[in-house]
>>> print(open('upload.txt').read())   # compact mmCIF, C-alpha atoms
# COMPACT_ATOMS: atom_id res chain seq x y z
CA MET P 1 104.94 124.81 96.30
CA ARG P 2 101.69 123.07 97.28
CA VAL P 3 101.93 119.36 98.10
CA GLY P 4 98.92 117.18 98.74
CA ALA P 5 98.01 113.50 99.11
CA PHE P 6 96.44 111.49 96.29
CA VAL P 7 94.16 108.82 97.78
CA LEU P 8 92.97 105.87 95.71
CA ALA P 9 91.40 103.84 98.55
CA ALA P 10 93.38 100.95 97.09
CA GLN P 11 92.43 97.43 98.10
CA PHE P 12 95.66 95.48 98.49
CA PRO P 13 95.61 91.66 98.40
CA GLY P 14 94.15 90.20 101.58
CA GLN P 15 92.39 93.42 102.54
CA GLY P 16 88.66 94.17 102.70
CA HIS P 17 86.81 97.19 101.38
CA ALA P 18 86.33 98.67 104.85
CA GLU P 19 90.06 98.52 105.54
CA ALA P 20 90.88 100.36 102.32
CA LEU P 21 88.28 103.05 103.00
CA HIS P 22 89.38 103.49 106.61
CA ARG P 23 92.95 104.08 105.39
CA ALA P 24 91.61 106.63 102.90
CA VAL P 25 89.77 108.62 105.56
CA ARG P 26 92.72 108.45 107.95
CA SER P 27 94.94 109.73 105.15
CA ALA P 28 92.91 112.92 104.98
CA VAL P 29 93.05 113.49 108.73
CA VAL P 30 96.78 112.79 108.99
CA ALA P 31 97.52 114.87 105.87
CA GLU P 32 95.99 117.87 107.61
CA GLU P 33 97.93 117.16 110.82
CA ALA P 34 101.14 116.92 108.78
CA GLY P 35 100.59 120.32 107.16
CA LEU P 36 99.86 119.16 103.62
CA ASP P 37 97.99 121.49 101.28
CA ALA P 38 95.28 119.15 100.02
CA VAL P 39 93.95 115.62 99.79
CA TRP P 40 92.58 114.29 96.50
CA PHE P 41 90.18 111.33 96.26
CA ALA P 42 89.95 109.07 93.22
CA GLU P 43 86.80 107.35 91.94
CA HIS P 44 86.50 103.84 90.51
CA HIS P 45 83.74 101.29 90.04
CA PHE P 46 83.64 97.51 90.43
CA MET P 47 87.36 96.98 91.05
CA PRO P 48 90.00 96.68 93.80
CA TYR P 49 92.29 99.26 92.14
CA GLY P 50 90.23 101.75 94.14
CA VAL P 51 87.09 100.98 96.14
CA CYS P 52 85.70 104.52 96.37
CA PRO P 53 82.80 104.73 93.88
CA SER P 54 81.95 108.35 94.69
CA ALA P 55 84.80 110.78 95.16
CA VAL P 56 82.45 113.63 96.08
CA THR P 57 80.90 111.54 98.88
CA LEU P 58 84.28 110.65 100.37
CA ALA P 59 85.37 114.28 99.95
CA ALA P 60 82.30 115.38 101.94
CA LEU P 61 83.25 113.05 104.79
CA ALA P 62 86.85 114.28 104.73
CA LEU P 63 85.71 117.91 104.80
CA GLY P 64 83.69 117.13 107.90
CA ARG P 65 86.66 115.46 109.59
CA THR P 66 89.09 118.31 108.87
CA ARG P 67 89.21 122.08 109.35
CA ARG P 68 91.98 123.55 107.19
CA ILE P 69 93.10 121.28 104.37
CA ARG P 70 91.66 121.55 100.88
CA VAL P 71 89.80 118.47 99.63
CA GLY P 72 89.32 117.58 95.98
CA THR P 73 88.26 114.82 93.62
CA ALA P 74 90.83 113.28 91.28
CA VAL P 75 88.63 112.70 89.57
CA SER P 76 84.87 112.56 89.36
CA VAL P 77 84.12 110.68 86.13
CA LEU P 78 81.81 112.86 84.07
CA PRO P 79 80.42 110.48 81.40
CA THR P 80 78.82 108.22 84.04
CA THR P 81 77.00 110.98 85.90
CA HIS P 82 74.67 113.83 85.05
CA PRO P 83 76.68 117.08 85.00
CA VAL P 84 73.94 118.99 86.79
CA ALA P 85 73.83 116.44 89.62
CA LEU P 86 77.62 116.65 89.95
CA GLY P 87 77.47 120.44 89.76
CA GLU P 88 74.92 120.59 92.58
CA GLN P 89 77.07 118.34 94.77
CA ALA P 90 80.18 120.39 94.05
CA ALA P 91 78.42 123.67 94.83
CA LEU P 92 77.06 122.20 98.05
CA LEU P 93 80.53 121.13 99.23
CA HIS P 94 82.05 124.43 98.13
CA LEU P 95 79.59 126.42 100.21
CA ALA P 96 79.37 124.11 103.22
CA SER P 97 83.17 123.96 103.53
CA GLU P 98 83.58 127.72 103.00
CA GLY P 99 85.61 127.23 99.83
CA ARG P 100 87.82 124.26 100.71
CA PHE P 101 86.49 121.95 97.97
CA THR P 102 87.99 121.52 94.49
CA LEU P 103 86.22 119.54 91.78
CA GLY P 104 88.43 117.43 89.56
CA VAL P 105 86.73 115.93 86.51
CA GLY P 106 87.81 113.46 83.86
CA ARG P 107 86.63 111.45 80.88
CA GLY P 108 87.33 108.04 82.37
CA GLY P 109 87.56 105.14 79.93
CA PRO P 110 85.45 102.85 77.73
CA TRP P 111 84.63 100.69 80.75
CA VAL P 112 81.59 98.61 81.68
CA ASP P 113 80.65 101.50 84.01
CA LEU P 114 79.05 103.13 80.96
CA GLU P 115 76.78 100.11 80.57
CA VAL P 116 75.86 99.81 84.24
CA PHE P 117 74.97 103.49 84.59
CA ASP P 118 73.15 103.46 81.23
CA SER P 119 75.11 106.35 79.75
CA GLY P 120 76.49 104.30 76.85
CA LEU P 121 79.72 104.36 74.90
CA ALA P 122 78.73 107.58 73.12
CA ALA P 123 78.95 109.47 76.41
CA TYR P 124 82.64 108.57 76.51
CA GLU P 125 83.52 108.82 72.81
CA GLU P 126 81.57 111.91 71.74
CA GLY P 127 79.62 113.31 74.68
CA TYR P 128 82.34 114.48 77.06
CA PRO P 129 82.66 118.06 75.67
CA GLU P 130 78.90 118.57 75.99
CA SER P 131 78.89 117.27 79.57
CA LEU P 132 81.84 119.45 80.54
CA ALA P 133 80.31 122.58 79.00
CA LEU P 134 77.03 122.01 80.84
CA LEU P 135 78.85 121.40 84.13
CA MET P 136 80.88 124.61 83.79
CA ARG P 137 77.78 126.65 82.99
CA TRP P 138 76.05 125.21 86.06
CA LEU P 139 78.97 126.18 88.29
CA ARG P 140 79.27 129.74 86.91
CA GLU P 141 75.78 130.96 85.88
CA PRO P 142 72.62 131.77 87.91
CA ARG P 143 70.20 130.02 85.53
CA VAL P 144 70.87 127.17 83.10
CA GLY P 145 68.97 125.33 80.38
CA ALA P 146 70.21 122.82 77.81
CA ALA P 147 69.42 121.97 74.19
CA GLY P 148 72.23 119.62 73.21
CA PRO P 149 72.32 116.14 71.70
CA ARG P 150 72.41 114.42 75.09
CA PHE P 151 71.00 116.93 77.59
CA ARG P 152 67.80 118.88 76.93
CA PHE P 153 65.83 120.70 79.63
CA ARG P 154 64.08 124.02 80.28
CA GLU P 155 65.96 126.80 82.05
CA VAL P 156 66.07 126.39 85.83
CA PRO P 157 67.67 128.36 88.68
CA VAL P 158 71.03 127.14 89.97
CA VAL P 159 70.75 126.27 93.66
CA PRO P 160 72.87 126.59 95.72
CA ARG P 161 74.97 129.50 94.51
CA PRO P 162 78.04 131.06 96.25
CA ASP P 163 76.41 134.47 96.70
CA ASP P 164 77.14 134.57 100.43
CA LEU P 165 80.88 133.96 100.09
CA GLU P 166 83.36 136.80 99.68
CA ASP P 167 84.53 135.19 96.44
CA ARG P 168 81.28 134.65 94.55
CA SER P 169 82.77 132.30 91.98
CA GLY P 170 81.92 128.63 92.18
CA PRO P 171 84.27 125.84 93.25
CA PRO P 172 87.67 125.60 91.56
CA VAL P 173 87.74 122.95 88.83
CA VAL P 174 90.67 120.98 87.42
CA MET P 175 90.52 118.55 84.52
CA ALA P 176 92.43 115.30 84.05
CA CYS P 177 94.30 115.38 80.74
CA THR P 178 95.94 112.42 79.02
CA SER P 179 95.90 113.45 75.35
CA PRO P 180 96.29 116.56 73.16
CA SER P 181 92.53 116.67 72.60
CA SER P 182 91.84 116.78 76.34
CA VAL P 183 94.50 119.47 76.78
CA ARG P 184 92.79 121.60 74.12
CA LEU P 185 89.41 121.09 75.78
CA ALA P 186 90.74 122.10 79.19
CA ALA P 187 92.43 125.17 77.72
CA GLY P 188 89.21 126.16 75.96
CA HIS P 189 87.44 126.30 79.32
CA GLY P 190 90.39 127.88 81.11
CA LEU P 191 90.74 124.85 83.38
CA PRO P 192 94.03 123.83 84.99
CA MET P 193 95.15 120.29 84.20
CA LEU P 194 95.61 117.26 86.42
CA LEU P 195 98.42 115.20 84.85
CA GLY P 196 98.81 111.50 85.61
CA MET P 197 101.46 109.74 87.65
CA HIS P 198 102.47 107.57 84.69
CA SER P 199 103.84 110.63 82.84
CA GLY P 200 107.39 111.90 83.23
CA ASP P 201 108.54 115.51 83.42
CA GLU P 202 109.20 115.82 79.69
CA GLU P 203 105.70 114.68 78.74
CA LYS P 204 104.11 116.92 81.36
CA ALA P 205 106.16 119.90 80.17
CA GLU P 206 104.94 119.29 76.61
CA MET P 207 101.33 119.18 77.78
CA VAL P 208 101.74 122.42 79.74
CA ALA P 209 103.26 124.08 76.67
CA LEU P 210 100.34 122.89 74.51
CA TRP P 211 97.84 124.11 77.12
CA ARG P 212 99.44 127.56 77.13
CA LYS P 213 99.41 127.73 73.33
CA CYS P 214 95.75 126.69 73.16
CA SER P 215 94.82 129.09 75.96
CA LEU P 216 96.34 132.01 74.07
CA GLU P 217 94.45 130.96 70.94
CA ALA P 218 91.24 130.85 73.02
CA GLY P 219 91.79 134.47 74.09
CA ARG P 220 93.03 133.90 77.64
CA SER P 221 95.24 136.64 79.03
CA PRO P 222 98.93 135.98 79.72
CA GLU P 223 98.26 136.72 83.40
CA GLU P 224 95.49 134.12 83.58
CA ILE P 225 97.66 131.56 81.81
CA ALA P 226 100.62 132.19 84.12
CA ALA P 227 98.39 131.82 87.20
CA ALA P 228 96.96 128.41 86.20
CA ALA P 229 97.53 125.94 89.03
CA HIS P 230 98.08 122.66 87.22
CA VAL P 231 98.44 119.53 89.36
CA SER P 232 101.06 116.81 88.89
CA ALA P 233 100.03 113.40 90.24
CA GLY P 234 102.75 111.09 91.49
CA VAL P 235 103.91 108.65 94.13
CA VAL P 236 105.90 109.42 97.28
CA GLN P 237 107.65 107.15 99.75
CA VAL P 238 109.90 108.78 102.29
CA GLY P 239 112.62 106.57 103.75
CA ASP P 240 116.04 106.84 105.31
CA ARG P 241 117.60 105.26 102.21
CA ARG P 242 116.56 105.20 98.55
CA GLN P 243 116.70 101.41 98.27
CA GLU P 244 114.68 100.94 101.44
CA ALA P 245 111.92 103.28 100.25
CA ALA P 246 111.77 101.69 96.80
CA GLU P 247 111.60 98.18 98.28
CA ILE P 248 108.54 99.12 100.31
CA LEU P 249 106.75 99.94 97.06
CA THR P 250 108.11 97.11 94.90
CA LYS P 251 107.04 94.56 97.52
CA ALA P 252 103.49 95.87 97.95
CA MET P 253 102.36 97.67 94.81
CA PRO P 254 102.73 94.96 92.11
CA GLY P 255 100.21 92.66 93.81
CA TRP P 256 97.71 95.48 94.10
CA LEU P 257 98.34 96.67 90.56
CA HIS P 258 97.96 93.18 89.13
CA GLN P 259 94.56 92.53 90.69
CA GLY P 260 93.46 96.13 90.24
CA LEU P 261 94.43 96.78 86.63
CA SER P 262 93.26 93.35 85.48
CA ALA P 263 89.77 94.18 86.81
CA TYR P 264 89.16 96.82 84.12
CA VAL P 265 86.42 95.54 81.77
CA THR P 266 85.61 97.34 78.53
CA ILE P 267 82.02 97.99 77.54
CA ASP P 268 82.48 96.66 74.01
CA GLY P 269 85.11 93.94 74.41
CA ARG P 270 87.90 95.95 72.77
CA ALA P 271 91.41 94.64 73.39
CA ARG P 272 93.52 96.35 76.03
CA THR P 273 97.10 95.85 77.17
CA MET P 274 97.87 95.82 80.89
CA ARG P 275 101.15 97.23 82.17
CA ASP P 276 103.57 94.84 83.81
CA PRO P 277 102.91 95.56 87.53
CA LEU P 278 106.51 95.25 88.74
CA GLU P 279 107.98 97.26 85.87
CA TYR P 280 105.32 99.91 86.32
CA THR P 281 106.15 100.17 90.03
CA LYS P 282 109.84 100.54 89.22
CA LEU P 283 109.00 103.26 86.70
CA LEU P 284 106.99 105.16 89.31
CA CYS P 285 109.90 104.92 91.74
CA GLU P 286 112.17 106.48 89.11
CA LEU P 287 109.76 109.25 88.13
CA HIS P 288 108.69 110.42 91.57
CA PRO P 289 110.00 111.30 95.06
CA VAL P 290 111.04 107.96 96.57
CA GLY P 291 113.91 108.03 99.06
CA PRO P 292 115.36 110.24 101.82
CA PRO P 293 113.71 113.62 102.52
CA GLN P 294 116.31 115.69 100.67
CA MET P 295 116.07 113.42 97.62
CA CYS P 296 112.28 113.72 97.67
CA ALA P 297 112.46 117.50 97.93
CA ASP P 298 115.00 117.69 95.11
CA ARG P 299 112.80 115.50 92.91
CA LEU P 300 109.74 117.70 93.45
CA ALA P 301 111.78 120.84 92.85
CA ALA P 302 113.17 119.37 89.62
CA THR P 303 109.69 118.55 88.36
CA ALA P 304 108.52 122.06 89.19
CA GLU P 305 111.47 123.58 87.34
CA ARG P 306 111.07 121.37 84.25
CA THR P 307 107.28 121.61 83.95
CA GLY P 308 106.30 124.86 85.66
CA ILE P 309 103.89 122.87 87.86
CA THR P 310 104.07 123.67 91.57
CA ARG P 311 101.04 121.75 92.84
CA PHE P 312 101.35 118.02 93.54
CA ALA P 313 98.98 115.16 94.43
CA LEU P 314 101.14 112.30 95.69
CA LEU P 315 100.04 108.73 96.34
CA THR P 316 101.12 107.93 99.89
CA GLU P 317 99.41 104.54 100.41
CA GLY P 318 101.78 102.51 98.22
CA SER P 319 102.84 100.34 101.16
CA GLY P 320 99.26 99.12 101.57
CA ASP P 321 99.64 99.40 105.34
CA LEU P 322 97.78 101.93 107.51
CA ALA P 323 100.59 102.64 109.98
CA ALA P 324 103.16 102.92 107.20
CA THR P 325 100.88 105.23 105.21
CA GLU P 326 100.39 107.52 108.20
CA ASP P 327 104.14 107.56 108.84
CA ASN P 328 104.76 108.37 105.18
CA LEU P 329 102.33 111.30 105.35
CA ARG P 330 103.89 112.65 108.52
CA ARG P 331 107.43 112.42 107.14
CA LEU P 332 106.30 114.11 103.92
CA GLY P 333 104.85 116.99 105.94
CA THR P 334 107.52 117.38 108.62
CA GLU P 335 110.71 116.36 106.78
CA VAL P 336 110.15 117.08 103.07
CA LEU P 337 107.92 120.17 102.98
CA PRO P 338 110.31 122.35 105.06
CA LEU P 339 113.01 121.69 102.46
CA LEU P 340 110.77 123.14 99.74
CA SER P 341 110.04 126.50 101.39
>>> encode(input="upload.txt", output="structure tokens")
Amino acid sequence: MRVGAFVLAAQFPGQGHAEALHRAVRSAVVAEEAGLDAVWFAEHHFMPYGVCPSAVTLAALALGRTRRIRVGTAVSVLPTTHPVALGEQAALLHLASEGRFTLGVGRGGPWVDLEVFDSGLAAYEEGYPESLALLMRWLREPRVGAAGPRFRFREVPVVPRPDDLEDRSGPPVVMACTSPSSVRLAAGHGLPMLLGMHSGDEEKAEMVALWRKCSLEAGRSPEEIAAAAHVSAGVVQVGDRRQEAAEILTKAMPGWLHQGLSAYVTIDGRARTMRDPLEYTKLLCELHPVGPPQMCADRLAATAERTGITRFALLTEGSGDLAATEDNLRRLGTEVLPLLS
């Protein structure tokens, strides 16, 4: 089982941007010290839900501060960036880190980001498959050109390429999936899924089953399908008692969620419903490993058994406090992980 940290760089009430980013960087360093498998950085724009606007940039810093741990994006939002630019950055980090980088990509939402970056609503509603296909070609082929509705350019050489590494394939890629259509798209490209922390085991199991079905239909081999390393996002809070661990989150997370989720602005003014922050926090505490080490280990093992997913990206900064986040990471690595081996 491979357990990593999911880092939002969340700005809790009363905190500044620098404080949130410092906690994010420290999370990567402490995650490596604690023996975790990976650290995953999220990307958001113009909001306190997460103050990292470039997951690949923060991943680059984390790769430079660490030596062993894998570092990934969860996720880089594809409709607001050029897939070739993202592909070049991913290849650069893959090579410079000697294969420790994983690129996570996602569709994002119909947010004002699309207006600010001049990609438009169509990039979100219709253009995502074209962007993903171009990105995957860039990461896997030596020369690439494009003649699609959105991207059109002459064939150019792909630089840099992983020719000097023992494994000459490009960086691993995972894709955030929240709907059947995104599951089918991921399966068509043979990409493992990153499944959100709002989803329970039953929903994740259904998405894995659909992915396997679509992968078979796309001609993937049973061996390739069985080896797919999907990632389950969640929350973790290790404490001596279940109630104590849950209280840490229910006291801190609702304030952050309220100011963070309410900051989402749609590009076209469409109506959206915000989750109740306290009820959402309570739901996360029920779905994910929150409590004593053995309870946390049992919860992760149960999710793995029910869904077939054995790779996890767990939010550890739910307390909003640097010292508490570091302690949570260390307890996850030293007290929970040994129970999973």
>>> residues_around(input="upload.txt", residues="P:Pro293", least_positions_apart="2", cutoff="6 Å", atoms="only C-alpha atoms", output="NGL selection string")
:P and (295-296 or 335-336)
>>> residues_around(input="upload.txt", residues="P:Gly145", least_positions_apart="3", cutoff="12 Å", atoms="only C-alpha atoms", output="MDAnalysis selection string")
chainID P and resid 84 133:135 137:138 141:142 148 151:158
>>> residues_around(input="upload.txt", residues="P:Ala24", least_positions_apart="3", cutoff="9 Å", atoms="all atoms listed in the file", output="MDAnalysis selection string")
chainID P and resid 7:10 19:21 27:28 41 58 317
>>> write_last_selection(input="upload.txt", atoms="C-alpha atoms", output="PDB file, in the coordinates of the input")
ATOM      1  CA  VAL P   7      94.160 108.820  97.780  1.00  0.00           C
ATOM      2  CA  LEU P   8      92.970 105.870  95.710  1.00  0.00           C
ATOM      3  CA  ALA P   9      91.400 103.840  98.550  1.00  0.00           C
ATOM      4  CA  ALA P  10      93.380 100.950  97.090  1.00  0.00           C
ATOM      5  CA  GLU P  19      90.060  98.520 105.540  1.00  0.00           C
ATOM      6  CA  ALA P  20      90.880 100.360 102.320  1.00  0.00           C
ATOM      7  CA  LEU P  21      88.280 103.050 103.000  1.00  0.00           C
ATOM      8  CA  SER P  27      94.940 109.730 105.150  1.00  0.00           C
ATOM      9  CA  ALA P  28      92.910 112.920 104.980  1.00  0.00           C
ATOM     10  CA  PHE P  41      90.180 111.330  96.260  1.00  0.00           C
ATOM     11  CA  LEU P  58      84.280 110.650 100.370  1.00  0.00           C
ATOM     12  CA  GLU P 317      99.410 104.540 100.410  1.00  0.00           C
TER      13      GLU P 317
END
>>> closest_residue(input="upload.txt", among="P:Asp268, P:Asp327, P:Glu130, P:Glu223", to="P:Gly239", atoms="all atoms listed in the file")
P:Asp327
>>> residues_around(input="upload.txt", residues="P:Ala209", least_positions_apart="5", cutoff="12 Å", atoms="only C-alpha atoms", output="PyMOL selection string")
chain P and resi 180+183-184+187+193+202-204+214-216+225-226+230+306-309
>>> closest_residue(input="upload.txt", among="P:Gly260, P:Pro149, P:Gly269, P:Pro192", to="P:Val105", atoms="only C-alpha atoms")
P:Pro192
>>> residues_around(input="upload.txt", residues="stretch 120-128 of chain P", least_positions_apart="5", cutoff="8 Å", atoms="only C-alpha atoms", output="count of residues only")
11
>>> atom_distance(input="upload.txt", atom1="atom CA of P:Val56", atom2="atom CA of P:Ala176")
15.7 Å
>>> closest_residue(input="upload.txt", among="P:Ala297, P:Ala205, P:Leu339, P:Val231", to="P:Arg311", atoms="all atoms listed in the file")
P:Val231
>>> axis_aligned_box(input="upload.txt", around="stretch 28-43 of chain P", padding_each_side="8 Å", output="lines of an AutoDock Vina configuration file")
center_x = 94.0
center_y = 114.4
center_z = 101.4
size_x = 30.3
size_y = 30.1
size_z = 34.9
>>> closest_residue(input="upload.txt", among="P:Leu315, P:Val112, P:Ala186, P:Ala5", to="P:Met136", atoms="only C-alpha atoms")
P:Ala186
>>> closest_residue(input="upload.txt", among="P:Ser54, P:Thr66, P:Glu224, P:Gly333", to="P:Thr81", atoms="all atoms listed in the file")
P:Ser54
>>> closest_residue(input="upload.txt", among="P:Phe101, P:Tyr49, P:Thr310, P:Trp111", to="P:Val265", atoms="only C-alpha atoms")
P:Trp111
>>> decode(input="upload.txt", residues="stretch 288-302 of chain P", atoms="N, CA, C and O atoms", output="short mmCIF file (atom, residue, chain, number, x, y, z; two decimals), in the first residue's frame")
data_model
loop_
_atom_site.label_atom_id
_atom_site.label_comp_id
_atom_site.auth_asym_id
_atom_site.auth_seq_id
_atom_site.Cartn_x
_atom_site.Cartn_y
_atom_site.Cartn_z
N HIS P 288 -13.07 8.75 5.94
CA HIS P 288 -11.62 8.61 5.85
C HIS P 288 -10.97 8.30 7.20
O HIS P 288 -11.65 8.32 8.23
N PRO P 289 -9.67 8.00 7.19
CA PRO P 289 -8.98 7.61 8.42
C PRO P 289 -8.82 8.77 9.40
O PRO P 289 -7.90 9.58 9.28
N VAL P 290 -9.69 8.83 10.38
CA VAL P 290 -9.66 9.86 11.43
C VAL P 290 -9.81 9.14 12.76
O VAL P 290 -10.86 8.55 13.03
N GLY P 291 -8.76 9.15 13.57
CA GLY P 291 -8.81 8.44 14.85
C GLY P 291 -7.48 7.84 15.23
O GLY P 291 -6.43 8.23 14.70
N PRO P 292 -7.47 6.86 16.12
CA PRO P 292 -6.23 6.19 16.54
C PRO P 292 -5.55 5.47 15.37
O PRO P 292 -6.20 5.15 14.37
N PRO P 293 -4.26 5.20 15.50
CA PRO P 293 -3.51 4.57 14.40
C PRO P 293 -4.14 3.29 13.86
O PRO P 293 -4.23 3.11 12.64
N GLN P 294 -4.58 2.39 14.75
CA GLN P 294 -5.15 1.14 14.27
C GLN P 294 -6.44 1.39 13.50
O GLN P 294 -6.70 0.76 12.47
N MET P 295 -7.25 2.34 13.97
CA MET P 295 -8.49 2.68 13.27
C MET P 295 -8.17 3.26 11.89
O MET P 295 -8.84 2.94 10.90
N CYS P 296 -7.16 4.11 11.82
CA CYS P 296 -6.77 4.68 10.53
C CYS P 296 -6.29 3.60 9.56
O CYS P 296 -6.66 3.58 8.38
N ALA P 297 -5.47 2.69 10.07
CA ALA P 297 -4.97 1.60 9.23
C ALA P 297 -6.11 0.72 8.75
O ALA P 297 -6.15 0.32 7.57
N ASP P 298 -7.04 0.42 9.64
CA ASP P 298 -8.19 -0.42 9.27
C ASP P 298 -9.04 0.27 8.20
O ASP P 298 -9.55 -0.39 7.29
N ARG P 299 -9.18 1.58 8.34
CA ARG P 299 -10.01 2.32 7.37
C ARG P 299 -9.36 2.29 5.99
O ARG P 299 -10.04 2.12 4.97
N LEU P 300 -8.06 2.50 5.91
CA LEU P 300 -7.36 2.45 4.64
C LEU P 300 -7.42 1.05 4.04
O LEU P 300 -7.63 0.88 2.83
N ALA P 301 -7.25 0.04 4.88
CA ALA P 301 -7.30 -1.34 4.39
C ALA P 301 -8.69 -1.68 3.87
O ALA P 301 -8.83 -2.39 2.86
N ALA P 302 -9.72 -1.16 4.54
CA ALA P 302 -11.09 -1.42 4.09
C ALA P 302 -11.35 -0.77 2.74
O ALA P 302 -11.97 -1.37 1.85
#
